[in-house]
Amino acid sequence: MVGMSLLRSAAAFAARLGPLKAGNNAANILARTIPRTNKVATRWGHGKKMFVVKPTNYYDRRFLHLLRYYILLTGIPVAVLVTAVNIFIGEAELAEIPEGYEPEHWEYYKHPITRWIVRNIYDSPVKDYEKVMAAIQIEQEKGDMRLMQLEVRQQMRHHGDGPWFHVATPDKGLIDNSPKSSPDN
Amino acid sequence: MPNDHDKAVYPEPPRQTPAVDKQTALPNPALILTKLFYYTVDLPVTTFRDTIDSIRSKNKLVYYHQKFRRVPYLTECQEGDFTCYYEADMQWRRDYKVDQEIVKVVQERMKACQQREGHSYQQNCTKEIQQFNEVTKNFQSRYGDLGAYANAKKCLMKQKERMMAAQAQSA
């Protein structure tokens, strides 16, 4: 270390000899070596620093960073939640239905998260079944009504006594009979 | 630990390991490997599972298999009663699923039997093979080529065709 400072002071002294000559400042004198032309450089340890000209990878890195960020923003809480549920609550076990007991509709599922979803978010399958049956019944009644309407219309037209095919005539008390009381006028 | 399979349905063949008759003083490498496997893999996995089970055993949830009531079949519905048709169709779909699972179970039994017996399976597994053939033949004749959009009405029409063919053949 003392040697280094000696060298440095020697370099500074040498630089003072010819300060205007290029390549003569302290760093250059210390760093420059005797050029050896007969030996080729086979191992470059810490070589000369190069400025490598390459296209930007700023946008690629930014994209990957943002992708990881937004995926993990909800990914990590979901993973933690699912792991905690699996460890602390655990899946259900199959059992026989006890006598006289009607299980709730969510008690037919195994995983606790599925049970929670079926209990709080979905309608019970009985309700879904009844909804479909109600839709079918409405359509059936509509179809039956239309068929019946056609049948009734046909019958009324045929027999002639149905109210749909009555033509409204004015009341017979409104007829003015006075031109008929003096004929050949 | 989870339950083992039913030993009556899937019987294990008798063990054929010979009695130990050590004639050398050298250690048995198979024994060394099994002990190594036990201490590096089996023991940590079992203790992990036991710890997790002990955490879970406080609140044990149960689930059941749903039992559905029987409703009138498609042949017992009035004509034009579409709600009755729908209920019969749903019942037919449930029965279709059950039958698919039955076929799978029978197939599993035959596969297990073949694996157990090795090269002499055709002799030793005749019961399983005969049961499998019968079950698949019946399934094919009932649900065979109905396709992906199968429903109760199509199956009923297929049954009608079958009965007509049987009558034409016997007449």
# chains A, B, ... in the order shown; residues from 1 in each chain; ligands from 1

$ interface_residues --of "chain B" --to "chain A" --cutoff "6 Å" --atoms "only C-alpha atoms" --output "list in words"
Arg56, Leu61, Val62, Tyr63, Tyr64 and Thr83 of chain B

$ write_last_selection --atoms "N, CA and C atoms" --output "compact mmCIF listing (two decimals), in the first residue's frame"
# COMPACT_ATOMS: atom_id res chain seq x y z
N ARG B 56 -56.30 -30.62 11.48
CA ARG B 56 -57.64 -30.65 10.87
C ARG B 56 -58.67 -31.34 11.72
N LEU B 61 -65.58 -32.00 8.70
CA LEU B 61 -66.80 -31.86 7.90
C LEU B 61 -67.15 -33.21 7.30
N VAL B 62 -68.45 -33.42 7.06
CA VAL B 62 -68.90 -34.66 6.39
C VAL B 62 -69.70 -34.27 5.16
N TYR B 63 -69.69 -35.18 4.20
CA TYR B 63 -70.55 -35.00 3.05
C TYR B 63 -71.25 -36.31 2.75
N TYR B 64 -72.43 -36.22 2.09
CA TYR B 64 -73.26 -37.39 1.85
C TYR B 64 -73.47 -37.56 0.36
N THR B 83 -94.09 -30.96 -17.90
CA THR B 83 -93.36 -31.00 -16.62
C THR B 83 -93.08 -32.45 -16.24

$ select_by_dssp --residues "stretch 26-167 of chain A" --states "alpha helix (DSSP H)" --output "ChimeraX atom specification"
/A:26-31,58-84,112-120,125-159

$ residues_around --residues "B:Arg70" --least-positions-apart "2" --cutoff "10 Å" --atoms "only C-alpha atoms" --output "list of chain:residue names"
B:Lys67, B:Phe68, B:Pro72, B:Tyr73, B:Glu87, B:Ala88, B:Gln91

$ write_last_selection --atoms "all heavy atoms" --output "tab-separated table (two decimals), in the first residue's frame"
chain	number	residue	atom	x	y	z
B	67	LYS	N	-79.71	-38.96	-2.20
B	67	LYS	CA	-80.67	-39.98	-2.63
B	67	LYS	C	-81.85	-39.25	-3.27
B	67	LYS	O	-82.48	-38.42	-2.64
B	67	LYS	CB	-81.17	-40.79	-1.44
B	67	LYS	CG	-80.14	-41.73	-0.88
B	67	LYS	CD	-80.79	-42.69	0.09
B	67	LYS	CE	-79.84	-43.79	0.56
B	67	LYS	NZ	-78.50	-43.40	0.92
B	68	PHE	N	-82.15	-39.59	-4.52
B	68	PHE	CA	-83.25	-38.94	-5.23
B	68	PHE	C	-84.48	-39.80	-5.17
B	68	PHE	O	-84.40	-41.02	-5.21
B	68	PHE	CB	-82.87	-38.71	-6.69
B	68	PHE	CG	-81.80	-37.68	-6.87
B	68	PHE	CD1	-80.46	-38.03	-6.92
B	68	PHE	CD2	-82.13	-36.34	-6.98
B	68	PHE	CE1	-79.48	-37.07	-7.08
B	68	PHE	CE2	-81.15	-35.38	-7.14
B	68	PHE	CZ	-79.83	-35.76	-7.19
B	72	PRO	N	-92.50	-40.72	-11.83
B	72	PRO	CA	-93.03	-41.55	-12.90
B	72	PRO	C	-92.14	-41.51	-14.14
B	72	PRO	O	-91.58	-40.49	-14.49
B	72	PRO	CB	-94.39	-40.92	-13.22
B	72	PRO	CG	-94.74	-40.13	-12.06
B	72	PRO	CD	-93.50	-39.77	-11.32
B	73	TYR	N	-92.03	-42.66	-14.80
B	73	TYR	CA	-91.22	-42.75	-16.01
B	73	TYR	C	-91.91	-42.05	-17.16
B	73	TYR	O	-93.06	-41.63	-17.07
B	73	TYR	CB	-90.96	-44.21	-16.38
B	73	TYR	CG	-90.07	-44.94	-15.44
B	73	TYR	CD1	-90.58	-45.87	-14.55
B	73	TYR	CD2	-88.70	-44.69	-15.41
B	73	TYR	CE1	-89.76	-46.54	-13.68
B	73	TYR	CE2	-87.88	-45.35	-14.53
B	73	TYR	CZ	-88.41	-46.28	-13.66
B	73	TYR	OH	-87.60	-46.93	-12.80
B	87	GLU	N	-89.34	-34.17	-15.62
B	87	GLU	CA	-88.90	-34.93	-14.45
B	87	GLU	C	-88.42	-36.32	-14.84
B	87	GLU	O	-87.41	-36.82	-14.33
B	87	GLU	CB	-90.05	-35.04	-13.44
B	87	GLU	CG	-90.39	-33.73	-12.80
B	87	GLU	CD	-90.97	-33.90	-11.41
B	87	GLU	OE1	-90.22	-34.29	-10.50
B	87	GLU	OE2	-92.16	-33.66	-11.25
B	88	ALA	N	-89.15	-36.95	-15.80
B	88	ALA	CA	-88.73	-38.28	-16.25
B	88	ALA	C	-87.38	-38.21	-16.95
B	88	ALA	O	-86.54	-39.10	-16.80
B	88	ALA	CB	-89.79	-38.85	-17.20
B	91	GLN	N	-84.66	-37.92	-14.37
B	91	GLN	CA	-84.42	-39.21	-13.73
B	91	GLN	C	-83.65	-40.14	-14.66
B	91	GLN	O	-82.73	-40.85	-14.21
B	91	GLN	CB	-85.77	-39.85	-13.37
B	91	GLN	CG	-85.60	-41.13	-12.60
B	91	GLN	CD	-86.91	-41.74	-12.23
B	91	GLN	OE1	-87.32	-41.63	-11.10
B	91	GLN	NE2	-87.55	-42.39	-13.17

$ atom_distance --atom1 "atom CA of B:Thr136" --atom2 "atom CA of B:Val103"
6.8 Å

$ atom_distance --atom1 "atom CA of B:Ile55" --atom2 "atom CA of A:Ala79"
19.1 Å

$ closest_residue --among "B:Thr34, B:Glu161, B:Arg93, B:His5" --to "B:Ala148" --atoms "only C-alpha atoms"
B:Arg93

$ residues_around --residues "B:Lys111" --least-positions-apart "5" --cutoff "12 Å" --atoms "only C-alpha atoms" --output "compact mmCIF listing (two decimals) with all heavy atoms, in the first residue's frame"
# COMPACT_ATOMS: atom_id res chain seq x y z
N TYR B 10 -60.97 -57.01 -4.23
CA TYR B 10 -59.69 -57.06 -4.94
C TYR B 10 -58.72 -57.87 -4.08
O TYR B 10 -57.88 -57.32 -3.37
CB TYR B 10 -59.13 -55.65 -5.14
CG TYR B 10 -60.03 -54.77 -5.99
CD1 TYR B 10 -60.83 -53.80 -5.41
CD2 TYR B 10 -60.06 -54.92 -7.36
CE1 TYR B 10 -61.64 -53.01 -6.18
CE2 TYR B 10 -60.87 -54.13 -8.14
CZ TYR B 10 -61.65 -53.17 -7.54
OH TYR B 10 -62.45 -52.38 -8.31
N LYS B 104 -67.90 -48.77 -15.31
CA LYS B 104 -66.50 -48.48 -14.96
C LYS B 104 -66.02 -49.38 -13.82
O LYS B 104 -64.88 -49.88 -13.85
CB LYS B 104 -66.38 -47.02 -14.51
CG LYS B 104 -66.34 -46.03 -15.64
CD LYS B 104 -66.09 -44.64 -15.09
CE LYS B 104 -66.60 -43.62 -16.07
NZ LYS B 104 -66.71 -42.29 -15.52
N VAL B 105 -66.90 -49.60 -12.83
CA VAL B 105 -66.49 -50.42 -11.67
C VAL B 105 -66.22 -51.85 -12.12
O VAL B 105 -65.21 -52.47 -11.72
CB VAL B 105 -67.58 -50.36 -10.59
CG1 VAL B 105 -67.36 -51.46 -9.57
CG2 VAL B 105 -67.55 -49.03 -9.89
N VAL B 106 -67.10 -52.39 -12.96
CA VAL B 106 -66.92 -53.77 -13.42
C VAL B 106 -65.63 -53.88 -14.24
O VAL B 106 -64.88 -54.85 -14.13
CB VAL B 106 -68.16 -54.21 -14.23
CG1 VAL B 106 -67.90 -55.49 -14.96
CG2 VAL B 106 -69.34 -54.37 -13.31
N ARG B 116 -53.48 -59.09 -11.48
CA ARG B 116 -53.10 -60.02 -10.40
C ARG B 116 -52.61 -61.33 -10.95
O ARG B 116 -51.60 -61.85 -10.52
CB ARG B 116 -54.35 -60.33 -9.56
CG ARG B 116 -54.51 -59.52 -8.35
CD ARG B 116 -55.43 -60.18 -7.39
NE ARG B 116 -56.60 -60.79 -7.99
CZ ARG B 116 -57.76 -60.19 -8.18
NH1 ARG B 116 -57.91 -58.93 -7.83
NH2 ARG B 116 -58.77 -60.82 -8.72
N GLU B 117 -53.39 -61.88 -11.94
CA GLU B 117 -53.13 -63.24 -12.36
C GLU B 117 -51.94 -63.33 -13.30
O GLU B 117 -51.38 -64.41 -13.47
CB GLU B 117 -54.36 -63.84 -13.04
CG GLU B 117 -55.62 -63.77 -12.21
CD GLU B 117 -55.56 -64.68 -11.01
OE1 GLU B 117 -54.76 -65.64 -11.06
OE2 GLU B 117 -56.27 -64.44 -10.04
N GLY B 118 -51.61 -62.22 -13.97
CA GLY B 118 -50.47 -62.30 -14.89
C GLY B 118 -50.86 -63.01 -16.16
O GLY B 118 -51.91 -62.77 -16.74
N TYR B 121 -54.47 -65.16 -16.89
CA TYR B 121 -55.69 -64.47 -16.51
C TYR B 121 -56.91 -65.05 -17.19
O TYR B 121 -58.01 -65.02 -16.64
CB TYR B 121 -55.58 -62.97 -16.82
CG TYR B 121 -55.53 -62.63 -18.29
CD1 TYR B 121 -56.67 -62.31 -19.00
CD2 TYR B 121 -54.32 -62.62 -18.98
CE1 TYR B 121 -56.62 -61.99 -20.34
CE2 TYR B 121 -54.26 -62.31 -20.31
CZ TYR B 121 -55.40 -62.00 -21.00
OH TYR B 121 -55.34 -61.69 -22.32
N GLN B 122 -56.75 -65.60 -18.40
CA GLN B 122 -57.94 -66.08 -19.11
C GLN B 122 -58.57 -67.25 -18.39
O GLN B 122 -59.78 -67.48 -18.45
CB GLN B 122 -57.58 -66.49 -20.54
CG GLN B 122 -57.87 -65.41 -21.53
CD GLN B 122 -57.07 -65.60 -22.81
OE1 GLN B 122 -56.01 -66.22 -22.82
NE2 GLN B 122 -57.58 -65.09 -23.89
N CYS B 125 -59.73 -65.70 -14.30
CA CYS B 125 -60.66 -64.60 -14.07
C CYS B 125 -61.95 -64.80 -14.83
O CYS B 125 -62.54 -63.82 -15.26
CB CYS B 125 -60.10 -63.29 -14.56
SG CYS B 125 -58.53 -62.83 -13.97
N GLU B 128 -65.01 -62.64 -13.63
CA GLU B 128 -64.96 -61.20 -13.89
C GLU B 128 -65.15 -60.91 -15.37
O GLU B 128 -65.84 -59.97 -15.76
CB GLU B 128 -63.61 -60.62 -13.43
CG GLU B 128 -63.57 -60.18 -12.00
CD GLU B 128 -63.19 -61.31 -11.08
OE1 GLU B 128 -63.05 -62.43 -11.58
OE2 GLU B 128 -63.02 -61.07 -9.88
N ILE B 129 -64.52 -61.74 -16.22
CA ILE B 129 -64.61 -61.48 -17.66
C ILE B 129 -66.04 -61.67 -18.14
O ILE B 129 -66.57 -60.90 -18.94
CB ILE B 129 -63.63 -62.42 -18.41
CG1 ILE B 129 -62.20 -62.03 -18.08
CG2 ILE B 129 -63.86 -62.35 -19.90
CD1 ILE B 129 -61.17 -62.90 -18.71
N PHE B 132 -68.15 -58.75 -17.00
CA PHE B 132 -67.85 -57.57 -17.81
C PHE B 132 -68.51 -57.65 -19.17
O PHE B 132 -69.12 -56.68 -19.64
CB PHE B 132 -66.33 -57.44 -17.95
CG PHE B 132 -65.90 -56.34 -18.85
CD1 PHE B 132 -66.02 -55.02 -18.46
CD2 PHE B 132 -65.37 -56.62 -20.10
CE1 PHE B 132 -65.62 -54.01 -19.30
CE2 PHE B 132 -64.97 -55.60 -20.94
CZ PHE B 132 -65.09 -54.30 -20.54

$ closest_residue --among "B:Asn151, B:Arg109, B:Val45, B:Val71" --to "B:Val9" --atoms "only C-alpha atoms"
B:Arg109

$ atom_distance --atom1 "atom CA of B:Ala152" --atom2 "atom CA of B:Met164"
18.4 Å

$ residues_around --residues "stretch 163-176 of chain A" --least-positions-apart "6" --cutoff "10 Å" --atoms "only C-alpha atoms" --output "list in words"
Val152, Arg153, Met156 and Arg157 of chain A
